[in-house]
Protein chains: 4
Amino acid sequence: MKLVANNYGKGRVRVAKVIRDGEWHVYKNYTVQITLEGDVSAAYVAGDNALVLPTDTMKNSTYAIAATHDFSSPEQFGLDLSARFLATAPHLTSAQIEIEEQMWKRMVFDGEVHNHAFMGNSSERRTASIKRTHEGVSIESGIKEMYILKTTGSAFVGFFRDEYTILPEETDRIMATNLTATWCLKDAGDSAVYNQVWEQVRSVLLETFANHDSESVQHTLYEMGQAVFTAVPQVAEIGMEMPNVHNIPYNFSLIGIDSKNEVFVPIDEPYGMISGRLRADDAE
Amino acid sequence: MKLVANNYGKGRVRVAKVIRDGEWHVYKNYTVQITLEGDVSAAYVAGDNALVLPTDTMKNSTYAIAATHDFSSPEQFGLDLSARFLATAPHLTSAQIEIEEQMWKRMVFDGEVHNHAFMGNSSERRTASIKRTHEGVSIESGIKEMYILKTTGSAFVGFFRDEYTILPEETDRIMATNLTATWCLKDAGDSAVYNQVWEQVRSVLLETFANHDSESVQHTLYEMGQAVFTAVPQVAEIGMEMPNVHNIPYNFSLIGIDSKNEVFVPIDEPYGMISGRLRADDAE
Amino acid sequence: MKLVANNYGKGRVRVAKVIRDGEWHVYKNYTVQITLEGDVSAAYVAGDNALVLPTDTMKNSTYAIAATHDFSSPEQFGLDLSARFLATAPHLTSAQIEIEEQMWKRMVFDGEVHNHAFMGNSSERRTASIKRTHEGVSIESGIKEMYILKTTGSAFVGFFRDEYTILPEETDRIMATNLTATWCLKDAGDSAVYNQVWEQVRSVLLETFANHDSESVQHTLYEMGQAVFTAVPQVAEIGMEMPNVHNIPYNFSLIGIDSKNEVFVPIDEPYGMISGRLRADDAE
Amino acid sequence: MKLVANNYGKGRVRVAKVIRDGEWHVYKNYTVQITLEGDVSAAYVAGDNALVLPTDTMKNSTYAIAATHDFSSPEQFGLDLSARFLATAPHLTSAQIEIEEQMWKRMVFDGEVHNHAFMGNSSERRTASIKRTHEGVSIESGIKEMYILKTTGSAFVGFFRDEYTILPEETDRIMATNLTATWCLKDAGDSAVYNQVWEQVRSVLLETFANHDSESVQHTLYEMGQAVFTAVPQVAEIGMEMPNVHNIPYNFSLIGIDSKNEVFVPIDEPYGMISGRLRADDAE
């Protein structure tokens with residue numbers, strides 16, 4: 001038999017950093033996953049660990065790089081952390097870093113942001129995925145678990161039908177999703193670039209979702225991607241997953257109440273799954 | 001043997017309502033739990049269901065009351081729903097309604113709030129608990145899963161020690177919690193009152209947490225309660241649970257890096273548990 | 001204002017122990033929660049921690065007691081751990097220990113149990129709750145998240161009806177629940193007693209659930225309790241929570257298929273909630 | 001810009017079936033995910049849904065196929081369900097079905113299995129993944145969330161070291177994982193074949209894990225794969241993910257207790273990630 005693929009690493013390494021500028025504190029909180037590849041087949045086949053950098057060392061390295069390098073964007077942190085692994089263990093062929101950043105937001109009182117107090121209620125996370133080999137590196141930025149909903153401006157009609165199709169056509173429905181988006185840029189940047197693009201892309205996605213006159217989730221997804229390319233020309237490619245999280249109108253006819261499309265049953269399962277990936281014409 | 005306690009009900013009934021005022025839409029989303037009590041011991045002892053209102057009916061009633069009654073505060077909705085059960089099945093002795101409201105926030109673009117688009121990223125929920133008997137009703141309002149953190153202004157020194165106490169004294173630590181608070185008012189109100197008090201209590205809790213010079217979580221909890229009584233005199237009693245969610249300084253001495261209290265390991269387990277309940281002097 | 005209630009402690013302290021008898025190993029895995037009470041109001045009111053045993057010490061004590069005391073039942077471990085706290089910090093008035101034991105089962109090959117290999121797939125946990133004061137101690141044993149289901153032998157007819165009642169009478173339905181049970185004994189025991197009673201109660205609950213001809217979840221709950229008192233006379237009191245986890249017949253009439261009560265939609269929400277607590281006639 | 005990839009479908013469709021043979025009942029419970037591909041770019045680009053089979057229809061079709069086809073293995077059910085979609089909507093180019101089966105086990109009393117009562121406590125699920133195009137079909141079987149642990153027979157020494165490597169060499173440690181395995185067969189089968197192979201593979205994986213003298217998780221993974229090829233020659237390829245779920249020895253030196261490698265801190269995060277994919281020599 002043959003070992004046709006293998007990798008190993010460390011998952012859910014959690015690291016936070018407080019960056020202080022006098023009384024002004026920044027709090028950043030990342031969950032990091034590290035995956036390394038290389039010819040460590042001797043470990044599998046013969047129990048020989050001579051080329052196996054322990055996963056515990058990957059954890060320690062995460063904190064070491066956090067202490068000594070730029071922590072102000074997950075992209076830059078992933079670049080520095082992946083470089084560390086290929087430098088310290090050059091027999092490795094690739095290092096992949098996946099980062100999820102918790103969104104801790106500064107508290108605001110009377111319109112003024114607080115120096116050192118934060119709220120972390122958001123399910124939304126900023127993501128970065130860095131894959132580095134000895135030849136080069138690719139970077140993907142993203143957003144995860146962003147729940148968005150609109151109460152009108154969404155229809156679904158004229159669809160394909162078979163004998164099991166009983167869905168009524170809807171000209172005015174609630175549309176809700178739990179957005180995942182990932183994108184890459186035409187050119188590499190630094191933390192300032194990644195942070196700014198992240199804010200721009202997020203803002204365009206939200207605004208297009210809110211204002212687009214939707215014929216389907218697919219239709220809206222496409223429009224959202226198009227708007228990103230227009231507003232943020234650095235973006236080369238963007239992928240989106242937009243599950244259709246249903247709010248089902250309650251069937252009041254069963255209990256003799258006159259319904260007015262006002263009361264809904266929000267459900268988590270089942271859900272629609274819609275995804276698409278778009279590439280700018282001038283990207284290669 | 002004796003049946004010394006019993007109750008039954010329906011859990012996780014999810015109901016959303018869109019309240020439309022022209023193009024201005026409000027979206028409210030509640031998860032409701034209903035618990036009824038009364039002498040239904042014949043069901044237990046003899047399998048006789050004559051006095052058992054089905055839990056399916058409790059679910060239907062939730063949607064019926066949502067369609068026909070005020071949905072603008074969980075407190076008022078719980079009052080109306082509990083009244084329904086004691087009216088339709090007067091052999092019941094109590095109806096308890098627990099409501100969790102998801103915090104869907106209106107999207108904002110260029111400083112303007114959107115008519116009909118919302119974000120639902122927040123783990124935070126507003127809660128209401130209504131217990132109604134034929135004699136009266138009690139109401140508790142609350143907040144759940146509010147994650148708050150400050151990077152300074154928190155110490156923990158001078159504590160009790162035994163032979164297993166190795167915790168170092170800390171004069172400047174990160175303080176983080178996942179707040180649950182519940183309170184009741186001196187007098188009953190309507191939706192406008194419950195909504196306004198909720199905003200006020202929440203705001204005072206946040207501001208006190210942020211600015212209090214803390215000697216312990218207990219100390220801060222007490223100060224937060226005191227601030228609520230001062231700012232919102234309608235509140236008769238407030239209880240808080242403030243788990244101490246730890247950010248542990250990473251031990252850089254192990255890997256020979258000079259640490260500056262900057263890099264932390266956020267952990268979910270174990271966690272401290274601190275709670276307290278305070279009553280205003282002029283409440284009975 | 002007045003501090004009317006307070007307590008503090010440590011949650012989710014996870015501790016495992018390997019007990020070796022030659023090549024025969026036992027692996028036990030507990031998640032422990034500790035709650036202490038006493039007059040520590042100075043910490044709340046004045047930020048004075050002199051009487052506050054740190055929650056970090058509670059954690060360390062859990063491992064210390066695990067190393068030095070009987071770990072073969074959660075009841076006995078909770079008794080020893082609670083005693084430690086009242087002894088080392090006698091100003092405390094009570095120590096409550098909640099334990100959940102993961103059910104790691106020995107692997108079996110060709111009918112033979114393995115010396116040192118285990119499976120931990122089960123959601124089911126054994127629980128123990130110990131509350132100790134300087135005057136005495138109470139102990140509760142239990143089972144949590146035990147999913148059980150029967151495909152016949154369950155009916156629900158003749159129930160109370162109002163205008164929102166549309167549930168059809170069912171003479172043959174699937175009955176499924178996620179059982180929580182807690183019980184206390186007439187007299188204190190040791191690990192051997194607690195372990196044996198736990199197995200006996202669990203077995204009687206399962207067998208009665210499986211074989212009882214059910215008119216409702218309430219009816220079955222009562223019968224299960226009665227069977228426990230008959231088979232395990234040491235039990236003084238037993239409480240059960242038996243959520244009704246629904247398997248809804250799919251409505252095939254909508255898609256023109258002739259249904260035979262064979263295909264179901266299992267749902268997690270909403271669910272029925274049924275609970276009851278029974279006391280033996282000869283218990284006080 | 002260009003739409004470079006897209007698909008859509010329905011997730012978390014839950015379906016259960018009771019198969020009755022007199023008083024002998026079988027209860028099967030699947031969670032199904034459907035993903036369809038085809039040129040539905042008009043929906044994205046122009047909001048034209050003419051070729052979009054609604055996800056609601058996918059859900060209905062799941063129940064329809066469950067009612068009318070073999071439900072005794074997830075593989076066969078996935079084959080029939082995927083065929084339905086390509087037949088009813090031939091403009092689609094592929095239909096992928098992912099199935100997770102909950103492991104409901106028959107209750108046993110006094111050594112006898114019960115006719116119609118089941119336990120569903122297990123986190124473990126059987127999985128099947130079927131991808132069908134108009135040209136052919138591929139099938140993958142699997143196991144998910146199988147928690148296994150051994151208290152001895154596992155070492156980790158002689159590993160690669162850098163300046164951040166502080167992990168001590170361990171000659172006798174606890175080894176625990178949460179196994180995911182997926183495999184495909186050399187030739188297609190029927191439900192009887194898939195069911196039998198599943199039991200065989202599972203049994204070999206467990207026995208090898210238990211008895212292998214492990215130099216690392218990688219080493220054990222390889223040995224487990226090798227054992228599968230030997231015992232179940234139908235298997236062409238097998239992939240495994242074996243996260244290293246740590247039980248960390250508690251550091252008793254901190255509290256002055258003499259430790260004997262008996263007491264551990266089980267942690268969920270961080271965890272090691274080890275994976276590998278093996279192919280039989282005679283598979284293509």
# chains A, B, ... in the order shown; residues from 1 in each chain; ligands from 1
>>> closest_atom_pairs(of="chain C", to="chain B", cutoff="6 Å", atoms="only C-alpha atoms", output="Markdown table")
| residue | atom | partner | partner_atom | distance |
| --- | --- | --- | --- | --- |
| C:Met1 | CA | B:Ala280 | CA | 4.4 |
| C:Lys2 | CA | B:Arg279 | CA | 5.2 |
| C:Leu3 | CA | B:Leu278 | CA | 4.5 |
| C:Val4 | CA | B:Leu278 | CA | 5.5 |
| C:Ala5 | CA | B:Arg277 | CA | 5.0 |
| C:Asn6 | CA | B:Gly276 | CA | 4.1 |
| C:Asn7 | CA | B:Ser275 | CA | 5.6 |
| C:Tyr8 | CA | B:Ile274 | CA | 4.3 |
| C:Gly9 | CA | B:Met273 | CA | 4.9 |
| C:Lys10 | CA | B:Gly272 | CA | 4.5 |
| C:Gly11 | CA | B:Tyr271 | CA | 5.4 |
| C:Arg12 | CA | B:Pro270 | CA | 4.7 |
| C:Val13 | CA | B:Pro270 | CA | 5.0 |
| C:Ala43 | CA | B:His219 | CA | 5.8 |
| C:Tyr44 | CA | B:His219 | CA | 4.2 |
| C:Gly47 | CA | B:Glu215 | CA | 5.1 |
| C:Asn49 | CA | B:Phe159 | CA | 4.6 |
| C:Ala50 | CA | B:Phe159 | CA | 4.7 |
| C:Leu51 | CA | B:Phe160 | CA | 5.2 |
| C:Val52 | CA | B:Phe160 | CA | 5.2 |
| C:Leu53 | CA | B:Phe160 | CA | 4.8 |
| C:Thr55 | CA | B:Gly272 | CA | 5.9 |
| C:Thr57 | CA | B:Thr165 | CA | 5.0 |
| C:Gly158 | CA | B:Asn49 | CA | 5.6 |
| C:Phe159 | CA | B:Asn49 | CA | 4.6 |
| C:Phe160 | CA | B:Leu53 | CA | 4.8 |
| C:Tyr164 | CA | B:Thr57 | CA | 5.8 |
| C:Thr165 | CA | B:Thr57 | CA | 5.0 |
| C:Glu215 | CA | B:Gly47 | CA | 5.1 |
| C:Gln218 | CA | B:Tyr44 | CA | 4.7 |
| C:His219 | CA | B:Tyr44 | CA | 4.2 |
| C:Tyr222 | CA | B:Tyr44 | CA | 5.4 |
| C:Glu269 | CA | B:Arg12 | CA | 5.5 |
| C:Pro270 | CA | B:Arg12 | CA | 4.7 |
| C:Tyr271 | CA | B:Gly11 | CA | 5.3 |
| C:Gly272 | CA | B:Lys10 | CA | 4.5 |
| C:Met273 | CA | B:Gly9 | CA | 4.9 |
| C:Ile274 | CA | B:Tyr8 | CA | 4.3 |
| C:Ser275 | CA | B:Asn6 | CA | 5.5 |
| C:Gly276 | CA | B:Asn6 | CA | 4.1 |
| C:Arg277 | CA | B:Ala5 | CA | 5.1 |
| C:Leu278 | CA | B:Leu3 | CA | 4.5 |
| C:Arg279 | CA | B:Lys2 | CA | 5.2 |
| C:Ala280 | CA | B:Met1 | CA | 4.4 |
| C:Asp281 | CA | B:Met1 | CA | 4.6 |
>>> select_by_dssp(residues="stretch 13-148 of chain C", states="alpha helix (DSSP H)", output="PyMOL selection string")
chain C and resi 41-46+55-68+74-88
>>> atom_distance(atom1="atom CA of D:Ile97", atom2="atom CA of D:Ser129")
5.7 Å
>>> residues_around(residues="A:Glu100", least_positions_apart="4", cutoff="7 Å", atoms="only C-alpha atoms", output="PyMOL selection string")
chain A and resi 30-32+125-128
>>> write_last_selection(atoms="N, CA and C atoms", output="PDB file, in the first residue's frame")
ATOM      1  N   TYR A  30      -7.110  35.909  18.312  1.00  0.00           N
ATOM      2  CA  TYR A  30      -7.110  35.002  17.159  1.00  0.00           C
ATOM      3  C   TYR A  30      -7.216  33.545  17.602  1.00  0.00           C
ATOM      4  N   THR A  31      -7.878  32.744  16.807  1.00  0.00           N
ATOM      5  CA  THR A  31      -7.808  31.286  16.944  1.00  0.00           C
ATOM      6  C   THR A  31      -7.087  30.763  15.706  1.00  0.00           C
ATOM      7  N   VAL A  32      -5.996  30.044  15.934  1.00  0.00           N
ATOM      8  CA  VAL A  32      -5.062  29.713  14.861  1.00  0.00           C
ATOM      9  C   VAL A  32      -5.033  28.206  14.627  1.00  0.00           C
ATOM     10  N   ARG A 125     -16.714  36.520  12.504  1.00  0.00           N
ATOM     11  CA  ARG A 125     -15.264  36.471  12.642  1.00  0.00           C
ATOM     12  C   ARG A 125     -14.608  36.897  11.332  1.00  0.00           C
ATOM     13  N   ARG A 126     -13.504  37.559  11.463  1.00  0.00           N
ATOM     14  CA  ARG A 126     -12.644  37.846  10.316  1.00  0.00           C
ATOM     15  C   ARG A 126     -11.718  36.653  10.153  1.00  0.00           C
ATOM     16  N   THR A 127     -11.491  36.239   8.920  1.00  0.00           N
ATOM     17  CA  THR A 127     -10.652  35.068   8.693  1.00  0.00           C
ATOM     18  C   THR A 127      -9.499  35.400   7.754  1.00  0.00           C
ATOM     19  N   ALA A 128      -8.441  34.622   7.896  1.00  0.00           N
ATOM     20  CA  ALA A 128      -7.334  34.714   6.941  1.00  0.00           C
ATOM     21  C   ALA A 128      -6.767  33.325   6.766  1.00  0.00           C
TER      22      ALA A 128
END
>>> closest_residue(among="C:His114, C:Lys131, C:Arg84, C:Lys186", to="C:Glu98", atoms="only C-alpha atoms")
C:Lys131
>>> residues_around(residues="A:Ala176", least_positions_apart="2", cutoff="8 Å", atoms="only C-alpha atoms", output="ChimeraX atom specification")
/A:147-150,174,178,244-247
>>> residues_around(residues="B:Glu135", least_positions_apart="2", cutoff="12 Å", atoms="only C-alpha atoms", output="list in words")
Ala83, Leu86, Thr93, Ser94, Ala95, Lys131, Arg132, Thr133, Val137 and Ser138 of chain B
>>> select_by_dssp(residues="stretch 69-117 of chain D", states="strand (DSSP E)", output="PyMOL selection string")
chain D and resi 92-102+105-109+112-117
>>> residues_around(residues="A:Asn29", least_positions_apart="5", cutoff="7 Å", atoms="only C-alpha atoms", output="VMD selection string")
chain A and resid 15 to 17 101 to 102
>>> write_last_selection(atoms="C-alpha atoms", output="PDB file, in the first residue's frame")
ATOM      1  CA  VAL A  15      -3.831  33.731  21.305  1.00  0.00           C
ATOM      2  CA  ALA A  16      -4.710  37.272  22.362  1.00  0.00           C
ATOM      3  CA  LYS A  17      -2.526  40.352  22.483  1.00  0.00           C
ATOM      4  CA  GLU A 101     -10.358  36.683  14.612  1.00  0.00           C
ATOM      5  CA  GLN A 102     -13.035  37.332  17.212  1.00  0.00           C
TER       6      GLN A 102
END
>>> closest_residue(among="B:Phe71, B:Trp24, B:Phe264, B:Trp198", to="B:Ala181", atoms="only C-alpha atoms")
B:Trp198
>>> atom_distance(atom1="atom CA of A:Val201", atom2="atom CA of B:Ser123")
23.4 Å
